[in-house]
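J.: What follows is structure-v1.cif; its format and atoms are mmCIF, C-alpha atoms and all ligand atoms.
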data_query
loop_
_atom_site.label_atom_id
_atom_site.label_comp_id
_atom_site.auth_asym_id
_atom_site.auth_seq_id
_atom_site.Cartn_x
_atom_site.Cartn_y
_atom_site.Cartn_z
CA MET P 18 -35.08 -3.82 17.09
CA GLN P 19 -32.94 -6.91 16.55
CA GLN P 20 -31.18 -5.13 13.70
CA ALA P 21 -30.43 -2.10 15.86
CA ILE P 22 -28.97 -4.37 18.58
CA GLU P 23 -26.77 -6.07 16.01
CA LYS P 24 -25.49 -2.67 14.89
CA ALA P 25 -24.58 -1.84 18.48
CA ASP P 26 -22.85 -5.23 18.77
CA VAL P 27 -20.69 -4.31 15.80
CA LEU P 28 -19.65 -1.08 17.50
CA ILE P 29 -18.74 -2.97 20.67
CA GLU P 30 -16.69 -5.48 18.69
CA ALA P 31 -14.82 -2.54 17.15
CA LEU P 32 -14.18 -0.96 20.56
CA ARG P 33 -11.38 -3.39 21.42
CA TRP P 34 -9.52 -2.60 18.19
CA ILE P 35 -10.17 1.14 18.35
CA ARG P 36 -8.63 1.22 21.84
CA THR P 37 -5.68 -0.94 20.77
CA PHE P 38 -4.76 1.17 17.76
CA ARG P 39 -5.64 4.65 19.00
CA GLY P 40 -2.71 7.03 18.50
CA LYS P 41 -0.80 4.50 16.39
CA ILE P 42 0.05 4.83 12.72
CA THR P 43 -1.40 2.57 10.02
CA VAL P 44 0.10 2.80 6.54
CA ILE P 45 -2.39 2.01 3.78
CA LYS P 46 -1.11 1.15 0.30
CA LEU P 47 -3.62 1.88 -2.44
CA GLY P 48 -2.79 -0.02 -5.63
CA GLY P 49 -3.68 0.90 -9.19
CA SER P 50 -6.17 -1.91 -9.67
CA VAL P 51 -8.29 -0.63 -6.77
CA MET P 52 -8.09 2.95 -7.97
CA GLU P 53 -9.69 2.04 -11.27
CA GLU P 54 -13.08 1.92 -9.52
CA GLN P 55 -14.37 5.28 -8.30
CA ARG P 56 -16.93 3.68 -5.99
CA ALA P 57 -14.27 1.56 -4.33
CA ILE P 58 -12.11 4.64 -3.78
CA THR P 59 -14.94 6.60 -2.18
CA HIS P 60 -15.61 3.74 0.25
CA LEU P 61 -11.91 3.38 1.05
CA LEU P 62 -11.53 7.10 1.67
CA LEU P 63 -14.57 6.94 3.99
CA ASP P 64 -12.92 4.08 5.89
CA ILE P 65 -9.72 6.12 6.15
CA LEU P 66 -11.70 9.09 7.44
CA PHE P 67 -13.38 6.85 10.02
CA MET P 68 -9.98 5.59 11.20
CA GLU P 69 -8.68 9.12 11.57
CA THR P 70 -11.82 10.20 13.43
CA VAL P 71 -11.47 7.47 16.06
CA GLY P 72 -7.82 8.36 16.63
CA MET P 73 -6.04 5.73 14.55
CA GLN P 74 -3.52 7.61 12.44
CA PRO P 75 -3.80 6.56 8.77
CA VAL P 76 -1.08 7.37 6.22
CA VAL P 77 -1.84 6.73 2.54
CA VAL P 78 0.85 5.60 0.09
CA HIS P 79 -0.45 5.08 -3.43
CA GLY P 80 0.51 3.73 -6.82
CA GLY P 81 -1.39 4.13 -10.06
CA GLY P 82 0.16 1.64 -12.44
CA ALA P 83 -2.96 1.21 -14.59
CA ALA P 84 -3.50 4.96 -15.09
CA ILE P 85 0.19 5.46 -15.96
CA SER P 86 0.03 2.70 -18.59
CA ARG P 87 -3.09 4.27 -20.08
CA ALA P 88 -1.47 7.71 -20.28
CA MET P 89 1.65 6.19 -21.87
CA GLN P 90 -0.41 4.43 -24.51
CA LYS P 91 -2.21 7.67 -25.28
CA ALA P 92 1.20 9.28 -25.80
CA GLY P 93 2.21 6.41 -28.11
CA ILE P 94 4.65 4.77 -25.67
CA GLN P 95 4.41 1.03 -25.08
CA PRO P 96 4.80 0.23 -21.34
CA ARG P 97 7.58 -2.24 -20.61
CA PHE P 98 8.23 -3.96 -17.27
CA VAL P 99 11.51 -5.41 -16.09
CA ARG P 100 11.02 -7.76 -13.15
CA GLY P 101 7.79 -6.07 -12.16
CA ARG P 102 9.24 -2.57 -12.47
CA ARG P 103 8.29 -0.12 -15.20
CA TYR P 104 11.16 0.80 -17.49
CA THR P 105 11.14 4.57 -17.07
CA ASP P 106 12.80 6.79 -19.71
CA GLU P 107 12.64 10.59 -19.57
CA GLU P 108 9.33 10.84 -21.41
CA THR P 109 7.77 8.13 -19.23
CA LEU P 110 9.05 9.86 -16.10
CA LYS P 111 7.20 13.05 -17.06
CA ILE P 112 3.99 11.02 -17.45
CA VAL P 113 4.54 9.23 -14.12
CA GLU P 114 5.09 12.57 -12.39
CA GLU P 115 1.99 14.14 -13.90
CA VAL P 116 -0.34 11.16 -13.39
CA LEU P 117 0.95 9.70 -10.12
CA ALA P 118 2.46 12.61 -8.19
CA TYR P 119 -0.10 15.24 -9.18
CA GLU P 120 -3.36 13.94 -10.67
CA ILE P 121 -3.91 10.84 -8.52
CA ASN P 122 -2.16 12.24 -5.45
CA GLU P 123 -4.15 15.46 -5.39
CA SER P 124 -7.44 13.78 -6.24
CA LEU P 125 -7.07 11.35 -3.30
CA ALA P 126 -6.33 14.20 -0.88
CA ARG P 127 -9.24 16.20 -2.32
CA GLY P 128 -11.48 13.13 -1.96
CA ILE P 129 -10.78 12.93 1.79
CA GLU P 130 -11.48 16.65 2.17
CA GLU P 131 -14.73 16.40 0.22
CA LEU P 132 -15.88 13.75 2.68
CA GLY P 133 -15.23 16.18 5.52
CA GLY P 134 -11.72 15.15 6.60
CA ARG P 135 -8.36 16.88 6.40
CA ALA P 136 -5.62 15.61 4.10
CA GLN P 137 -2.28 16.81 2.73
CA ALA P 138 -0.98 15.76 -0.69
CA LEU P 139 2.78 15.32 -0.23
CA ASN P 140 4.30 15.72 -3.70
CA PHE P 141 7.17 17.57 -5.36
CA ARG P 142 5.09 20.77 -5.61
CA THR P 143 3.89 20.76 -2.00
CA LYS P 144 6.34 18.84 0.23
CA ASN P 145 8.32 15.81 -0.86
CA VAL P 146 8.96 13.23 1.87
CA LEU P 147 10.64 10.37 -0.06
CA PHE P 148 14.34 10.47 -0.97
CA GLY P 149 16.35 7.76 -2.65
CA ARG P 150 18.72 6.64 -5.37
CA LYS P 151 18.57 4.83 -8.68
CA LEU P 152 17.65 1.20 -8.25
CA VAL P 153 20.21 -1.15 -9.76
CA LEU P 154 18.96 -4.70 -10.26
CA GLN P 155 21.22 -7.51 -11.42
CA ASP P 156 20.36 -10.17 -13.96
CA GLU P 157 21.10 -13.87 -13.41
CA ASN P 158 24.71 -13.33 -14.59
CA GLY P 159 25.24 -10.53 -12.10
CA GLU P 160 25.10 -7.88 -14.84
CA PRO P 161 23.27 -4.60 -14.01
CA VAL P 162 19.78 -4.26 -15.51
CA ASP P 163 18.93 -0.80 -16.84
CA LEU P 164 15.55 0.41 -15.58
CA GLY P 165 16.02 4.10 -16.41
CA TYR P 166 14.64 6.52 -13.84
CA VAL P 167 13.52 3.92 -11.30
CA GLY P 168 14.42 4.49 -7.69
CA GLU P 169 14.54 2.91 -4.27
CA VAL P 170 13.77 4.86 -1.13
CA THR P 171 16.71 5.38 1.23
CA ARG P 172 15.30 8.14 3.43
CA VAL P 173 11.83 9.21 4.53
CA ASP P 174 10.94 12.53 6.15
CA ALA P 175 9.13 10.79 9.00
CA ASP P 176 8.84 13.98 11.09
CA THR P 177 6.64 15.71 8.51
CA ILE P 178 4.40 12.64 8.20
CA LYS P 179 4.04 12.21 11.98
CA GLU P 180 3.42 15.91 12.52
CA LEU P 181 0.51 15.83 10.07
CA CYS P 182 -0.91 12.73 11.78
CA ASN P 183 -0.74 14.47 15.15
CA GLN P 184 -2.66 17.42 13.69
CA GLY P 185 -5.44 15.14 12.45
CA VAL P 186 -4.38 15.50 8.81
CA VAL P 187 -4.08 12.39 6.60
CA PRO P 188 -0.76 12.41 4.67
CA VAL P 189 -1.15 11.19 1.05
CA ILE P 190 2.15 10.07 -0.50
CA PRO P 191 2.79 9.13 -4.17
CA SER P 192 5.38 6.44 -4.95
CA MET P 193 8.07 8.73 -6.36
CA CYS P 194 11.26 9.95 -4.73
CA LEU P 195 13.84 12.68 -5.15
CA ALA P 196 17.47 11.61 -5.66
CA ASP P 197 19.34 12.21 -2.41
CA ASP P 198 22.50 13.43 -4.22
CA GLY P 199 21.28 17.00 -4.68
CA SER P 200 20.87 16.53 -8.46
CA GLY P 201 17.13 17.22 -8.31
CA VAL P 202 16.44 14.06 -10.32
CA LYS P 203 13.02 12.50 -9.70
CA LEU P 204 12.62 8.73 -9.67
CA ASN P 205 9.72 6.32 -10.14
CA VAL P 206 9.34 3.86 -7.23
CA ASN P 207 7.28 0.63 -7.03
CA ALA P 208 4.37 1.49 -4.71
CA ASP P 209 4.58 -1.69 -2.58
CA THR P 210 8.21 -0.93 -1.70
CA ALA P 211 7.45 2.79 -1.13
CA ALA P 212 4.74 1.80 1.36
CA THR P 213 7.18 -0.55 3.07
CA ALA P 214 9.77 2.23 3.40
CA VAL P 215 7.21 4.62 4.89
CA ALA P 216 5.86 2.01 7.33
CA GLN P 217 9.37 1.30 8.59
CA ALA P 218 10.34 4.95 8.89
CA VAL P 219 7.27 6.03 10.87
CA LYS P 220 7.34 2.80 12.91
CA ALA P 221 3.80 1.99 11.86
CA GLU P 222 1.74 -0.39 13.97
CA LYS P 223 0.12 -1.79 10.84
CA LEU P 224 0.63 -1.87 7.08
CA VAL P 225 -2.36 -2.68 4.88
CA PHE P 226 -2.03 -3.56 1.20
CA LEU P 227 -5.24 -3.06 -0.77
CA SER P 228 -5.10 -5.41 -3.73
CA ASP P 229 -7.54 -6.92 -6.21
CA VAL P 230 -7.62 -10.35 -4.53
CA ASN P 231 -9.09 -11.17 -1.10
CA GLY P 232 -5.65 -11.99 0.34
CA VAL P 233 -3.20 -14.89 0.19
CA ARG P 234 -4.93 -18.04 -0.98
CA LEU P 235 -3.96 -21.69 -0.75
CA ARG P 236 -5.15 -22.09 -4.34
CA LYS P 237 -4.61 -18.80 -6.07
CA ASP P 238 -7.77 -18.89 -8.20
CA ASP P 239 -10.07 -20.04 -5.38
CA PRO P 240 -11.31 -17.16 -3.16
CA ASN P 241 -12.67 -19.73 -0.68
CA SER P 242 -9.14 -20.95 0.04
CA LEU P 243 -8.20 -17.65 1.74
CA ILE P 244 -5.61 -17.96 4.52
CA HIS P 245 -6.66 -15.64 7.36
CA SER P 246 -3.42 -15.55 9.30
CA LEU P 247 0.17 -16.38 8.35
CA THR P 248 3.38 -16.17 10.34
CA ALA P 249 6.53 -15.00 8.55
CA GLU P 250 7.89 -18.56 8.50
CA GLN P 251 4.65 -19.97 7.05
CA ALA P 252 4.68 -17.24 4.36
CA ARG P 253 8.28 -18.10 3.41
CA GLU P 254 7.31 -21.78 3.20
CA LEU P 255 4.36 -20.99 0.88
CA ILE P 256 6.72 -19.05 -1.42
CA ARG P 257 9.13 -22.02 -1.43
CA GLN P 258 6.25 -24.39 -2.28
CA GLY P 259 5.07 -22.11 -5.12
CA VAL P 260 1.65 -21.56 -3.48
CA ILE P 261 2.42 -17.84 -3.43
CA ASP P 262 3.63 -16.74 -6.86
CA ALA P 263 3.58 -13.97 -9.50
CA GLY P 264 2.61 -10.49 -8.21
CA MET P 265 1.99 -11.87 -4.74
CA ILE P 266 5.69 -12.77 -4.25
CA PRO P 267 7.06 -9.19 -4.16
CA LYS P 268 4.10 -8.10 -2.03
CA VAL P 269 4.67 -10.85 0.55
CA GLU P 270 8.43 -10.30 0.42
CA ALA P 271 7.81 -6.60 1.11
CA CYS P 272 5.64 -7.71 4.07
CA LEU P 273 8.38 -9.96 5.45
CA GLU P 274 10.96 -7.19 5.12
CA THR P 275 8.65 -4.83 7.00
CA LEU P 276 8.03 -7.30 9.84
CA LYS P 277 11.80 -7.52 10.34
CA HIS P 278 11.86 -3.77 10.92
CA GLY P 279 9.43 -3.50 13.79
CA VAL P 280 6.01 -3.24 12.11
CA ASN P 281 3.82 -5.70 13.98
CA LYS P 282 1.12 -6.73 11.55
CA ILE P 283 0.55 -6.53 7.85
CA HIS P 284 -2.72 -7.09 6.05
CA ILE P 285 -3.38 -7.94 2.41
CA ILE P 286 -7.03 -7.33 1.54
CA ASP P 287 -9.36 -6.80 -1.42
CA GLY P 288 -9.84 -3.06 -1.75
CA ARG P 289 -12.80 -3.52 -4.07
CA LEU P 290 -14.91 -5.09 -1.34
CA ARG P 291 -16.98 -2.35 0.29
CA HIS P 292 -15.44 -1.27 3.63
CA SER P 293 -12.85 -4.06 3.50
CA LEU P 294 -10.40 -1.78 5.31
CA LEU P 295 -12.70 -1.24 8.30
CA LEU P 296 -13.73 -4.88 8.38
CA GLU P 297 -10.11 -6.00 8.44
CA VAL P 298 -9.03 -3.56 11.10
CA TYR P 299 -12.06 -3.43 13.36
CA THR P 300 -13.62 -6.88 13.39
CA THR P 301 -12.30 -9.97 15.10
CA LYS P 302 -12.30 -12.20 12.05
CA GLY P 303 -11.25 -9.66 9.43
CA VAL P 304 -11.59 -10.16 5.69
CA GLY P 305 -8.11 -10.66 4.27
CA THR P 306 -4.78 -12.19 5.22
CA GLU P 307 -2.71 -10.91 8.11
CA ILE P 308 1.00 -11.67 8.17
CA ILE P 309 2.47 -11.58 11.65
CA ARG P 310 5.86 -12.13 13.27
CA ASP P 311 6.82 -15.69 14.18
CA GLY P 312 5.46 -16.32 17.66
CA ALA P 313 2.97 -13.41 17.59
CA THR P 314 -0.68 -14.04 18.44
CA PRO P 315 -3.04 -14.05 15.46
CA SER P 316 -6.02 -11.69 15.79
CA ASN P 317 -7.58 -12.58 12.52
CA GLY P 318 -10.07 -15.39 12.86
CA ALA P 319 -7.56 -17.79 14.35
N1 LIG Z 401 -1.35 -17.59 -3.32
C1 LIG Z 401 -1.87 -16.51 -3.92
N2 LIG Z 401 -2.95 -15.90 -3.39
C2 LIG Z 401 -3.50 -14.83 -3.98
N3 LIG Z 401 -3.03 -14.25 -5.12
C3 LIG Z 401 -1.94 -14.79 -5.69
C4 LIG Z 401 -1.31 -15.95 -5.11
N4 LIG Z 401 -0.26 -16.25 -5.88
C5 LIG Z 401 -0.24 -15.37 -6.89
N5 LIG Z 401 -1.22 -14.47 -6.80
C6 LIG Z 401 -1.47 -13.37 -7.75
O1 LIG Z 401 -1.00 -12.14 -7.20
C7 LIG Z 401 -1.83 -11.06 -7.68
C8 LIG Z 401 -1.72 -9.84 -6.76
O2 LIG Z 401 -0.51 -9.17 -6.99
P1 LIG Z 401 -0.47 -7.80 -7.88
O3 LIG Z 401 -1.20 -8.02 -9.15
O4 LIG Z 401 0.93 -7.36 -7.96
O5 LIG Z 401 -1.32 -6.82 -6.93
P2 LIG Z 401 -1.55 -5.21 -6.97
O6 LIG Z 401 -1.73 -4.79 -8.39
O7 LIG Z 401 -2.77 -4.99 -6.15
O8 LIG Z 401 -0.34 -4.58 -6.33
C9 LIG Z 401 -3.19 -11.68 -7.72
O9 LIG Z 401 -4.06 -11.03 -8.64
C10 LIG Z 401 -2.93 -13.16 -8.09
O10 LIG Z 401 -3.09 -13.37 -9.46
C1 LIG Z 402 9.01 1.50 -10.80
C2 LIG Z 402 7.57 1.19 -10.94
O1 LIG Z 402 7.21 0.14 -11.46
N1 LIG Z 402 6.70 2.08 -10.49
C3 LIG Z 402 5.29 1.92 -10.56
C4 LIG Z 402 4.68 2.95 -9.65
C5 LIG Z 402 3.18 2.81 -9.51
C6 LIG Z 402 2.77 1.50 -8.85
O2 LIG Z 402 3.53 0.71 -8.29
O3 LIG Z 402 1.42 1.32 -8.92
P1 LIG Z 402 0.58 0.03 -8.48
O4 LIG Z 402 0.62 -0.07 -7.01
O5 LIG Z 402 -0.74 0.38 -9.00
O6 LIG Z 402 1.16 -1.19 -9.17
C7 LIG Z 402 4.77 2.11 -12.01
O7 LIG Z 402 5.32 2.90 -12.75
O8 LIG Z 402 3.77 1.44 -12.32
#
Transcribe the structure of this file into structure tokens.
Ligand SMILES: Nc1ncnc2c1ncn2[C@@H]1O[C@H](COP(=O)(O)OP(=O)(O)O)[C@@H](O)[C@H]1O
Ligand SMILES: CC(=O)N[C@@H](CCC(=O)OP(=O)(O)O)C(=O)O
T.:
Amino acid sequence: MQQAIEKADVLIEALRWIRTFRGKITVIKLGGSVMEEQRAITHLLLDILFMETVGMQPVVVHGGGAAISRAMQKAGIQPRFVRGRRYTDEETLKIVEEVLAYEINESLARGIEELGGRAQALNFRTKNVLFGRKLVLQDENGEPVDLGYVGEVTRVDADTIKELCNQGVVPVIPSMCLADDGSGVKLNVNADTAATAVAQAVKAEKLVFLSDVNGVRLRKDDPNSLIHSLTAEQARELIRQGVIDAGMIPKVEACLETLKHGVNKIHIIDGRLRHSLLLEVYTTKGVGTEIIRDGATPSNGA
């Protein structure tokens, strides 16, 4: 009996959050490290289905870095990264398109449907929603760095995404874009920045990054040093102090950029933990790190 009461308590705790986020869009970024584990994906897709069912509009943006690297190696191409971005020549681009935009994209959408939900894979063959241009980075001397077919998103077809959400269909978006100059060139986009662009364009209430760590930590190798809630200013300070480094820097910087553009809360959580997405969104304490605007009220265990 006690157990049953506790289960009901959990539902009541979730009620507050379900009512707060009903009818609002949440962008969920699925990273390659999470997608390496089929069990983790199934649980995440179930969480996404739950969110959709209770009226919170989830939008999935995904990467697939690990699978792309594997396919490249199979084809005899050695992956090379320039400042966290994959150098993408023509042959690599074909692999990225096949693996990311079709295989992973369609299997995620199919996964949601197999669980009983409705989903739409939004790729170059069905309906592309990301448009952009070649990304030009500069080295420390101000010289352009050649990344090949790597892009940045400049325009998002937000109407198509929102229309699907309103119809109860989960949009599933791969991190590739079409050049906006009419050339038909396809470009490979870093998935964290693609998710950021989508969240801004659809004016998402929340952006959730599913990573392979439990969030931002005070000591990066100590899971017990998790920081539950961070304001933008505190996050900037942790970057300055070197507490946040390596792959977490671009992720947190993407979070800060998104906060500036109207998205209220961003979560970084461990996608490998069963139901981490639901726990983060629908419980008072949450399981990862939330990054909120300066002056905003923390909801995450603070
Ligand atoms: N303060 C920190 N807290 C947590 N992780 C950190 C921190 N600083 C650096 N990191 C590193 O950032 C990594 C997450 O970034 P990344 O590998 O790019 O994620 P993903 O592949 O999920 O996009 C972690 O695995 C960790 O090694
Ligand atoms: C330009 C660039 O680097 N694109 C990424 C796109 C996939 C991605 O970002 O996947 P994760 O989220 O799994 O890292 C790549 O080719 O790996």
J.: Taking into account only C-alpha atoms, which residue in the set P:Val225, P:Leu255, P:Ile42, P:Val269 is nearest to Ile178 of chain P?
T.: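 Looking at the shortest contact to Ile178 of chain P, the residue is P:Ile42.
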J.: To one decimal place, how far is atom CA of Gly168 of chain P from atom CA of Leu294 of chain P in Å?
T.: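 Those two atoms sit 28.7 Å apart.
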J.: Using all atoms listed in the file, find each residue with an atom at most 10 Å away from ligand LIG 401 (chain Z) and format the answer as a VMD selection string.
T.: chain P and resid 46 to 52 80 to 83 101 207 to 209 226 to 240 242 to 244 252 255 to 256 259 to 269 285 to 288 306
J.: Write out as a VMD selection string each polymer residue whose atoms come within 12 Å of Thr314 of chain P, counting all atoms listed in the file; drop sequence neighbours fewer than 6 positions from it.
T.: chain P and resid 246 to 248 281 to 282 307 to 308
J.: Return the single residue from P:Lys144, P:Lys179, P:Lys41, P:Arg135 that is closest to Val280 of chain P, with distances computed using all atoms listed in the file.
T.: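 With all atoms listed in the file as the atom set, the closest residue is P:Lys41.
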J.: Would you please work out which residue, of P:Glu108, P:Glu222, P:Glu169, P:Glu120, is nearest to ligand LIG 402 (chain Z) when using only C-alpha atoms and all ligand atoms?
T.: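 Among the listed residues, P:Glu169 lies closest to ligand LIG 402 (chain Z).
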J.: May I ask which of the residues P:Ala126, P:Ala221, P:Val113, P:Ile190 is the closest one to ligand LIG 402 (chain Z), counting all atoms listed in the file?
T.: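 For ligand LIG 402 (chain Z), the nearest of the candidates is P:Val113.
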J.: With distances taken over all atoms listed in the file, which of P:Glu250, P:Glu180, P:Glu115, P:Glu131 is nearest to ligand LIG 402 (chain Z)?
T.: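 Smallest distance to ligand LIG 402 (chain Z) is found for P:Glu115.
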J.: Taking all atoms listed in the file into account, name the residue in P:Gly149, P:Met18, P:Gly128, P:Arg36 that is nearest to Asp174 of chain P.
T.: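 Between P:Gly149, P:Met18, P:Gly128, P:Arg36, the residue approaching Asp174 of chain P most closely is P:Gly149.
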J.: Rounded to one decimal, what separation in Å do you get between atom CA of Arg33 of chain P and atom CA of Ser316 of chain P?
T.: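 Distance reported for this atom pair: 11.4 Å.
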J.: When you look at segment 193-199 of chain P with a cut-off of 8 Å (counting all atoms listed in the file), what residues show up, excluding the ones that are within fewer than 3 positions of it in the same chain? I need them as JSON, numbers by chain.
T.: {"P": [114, 118, 145, 146, 147, 148, 149, 150, 151, 168, 169, 170, 202, 203, 204, 205, 206, 211]}
J.: What gap, in Å, lies between atom CA of Thr210 of chain P and atom CA of Leu61 of chain P?
T.: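 Going from atom CA of Thr210 of chain P over to atom CA of Leu61 of chain P, I get 20.8 Å.
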J.: Counting all atoms listed in the file, what is within 9 Å of Ile85 of chain P, bar same-chain residues fewer than 6 positions away, as a list of chain:residue names?
T.: P:Pro96, P:Thr109, P:Ile112, P:Val113, P:Val116, P:Leu117
J.: Around the point (3.3, 0.0, 9.6) (coordinates from the file), which residues reach within 9 Å if we count only C-alpha atoms? Answer as a PyMOL selection string.
T.: chain P and resi 42-45+212-213+215-225+275-276+279-283
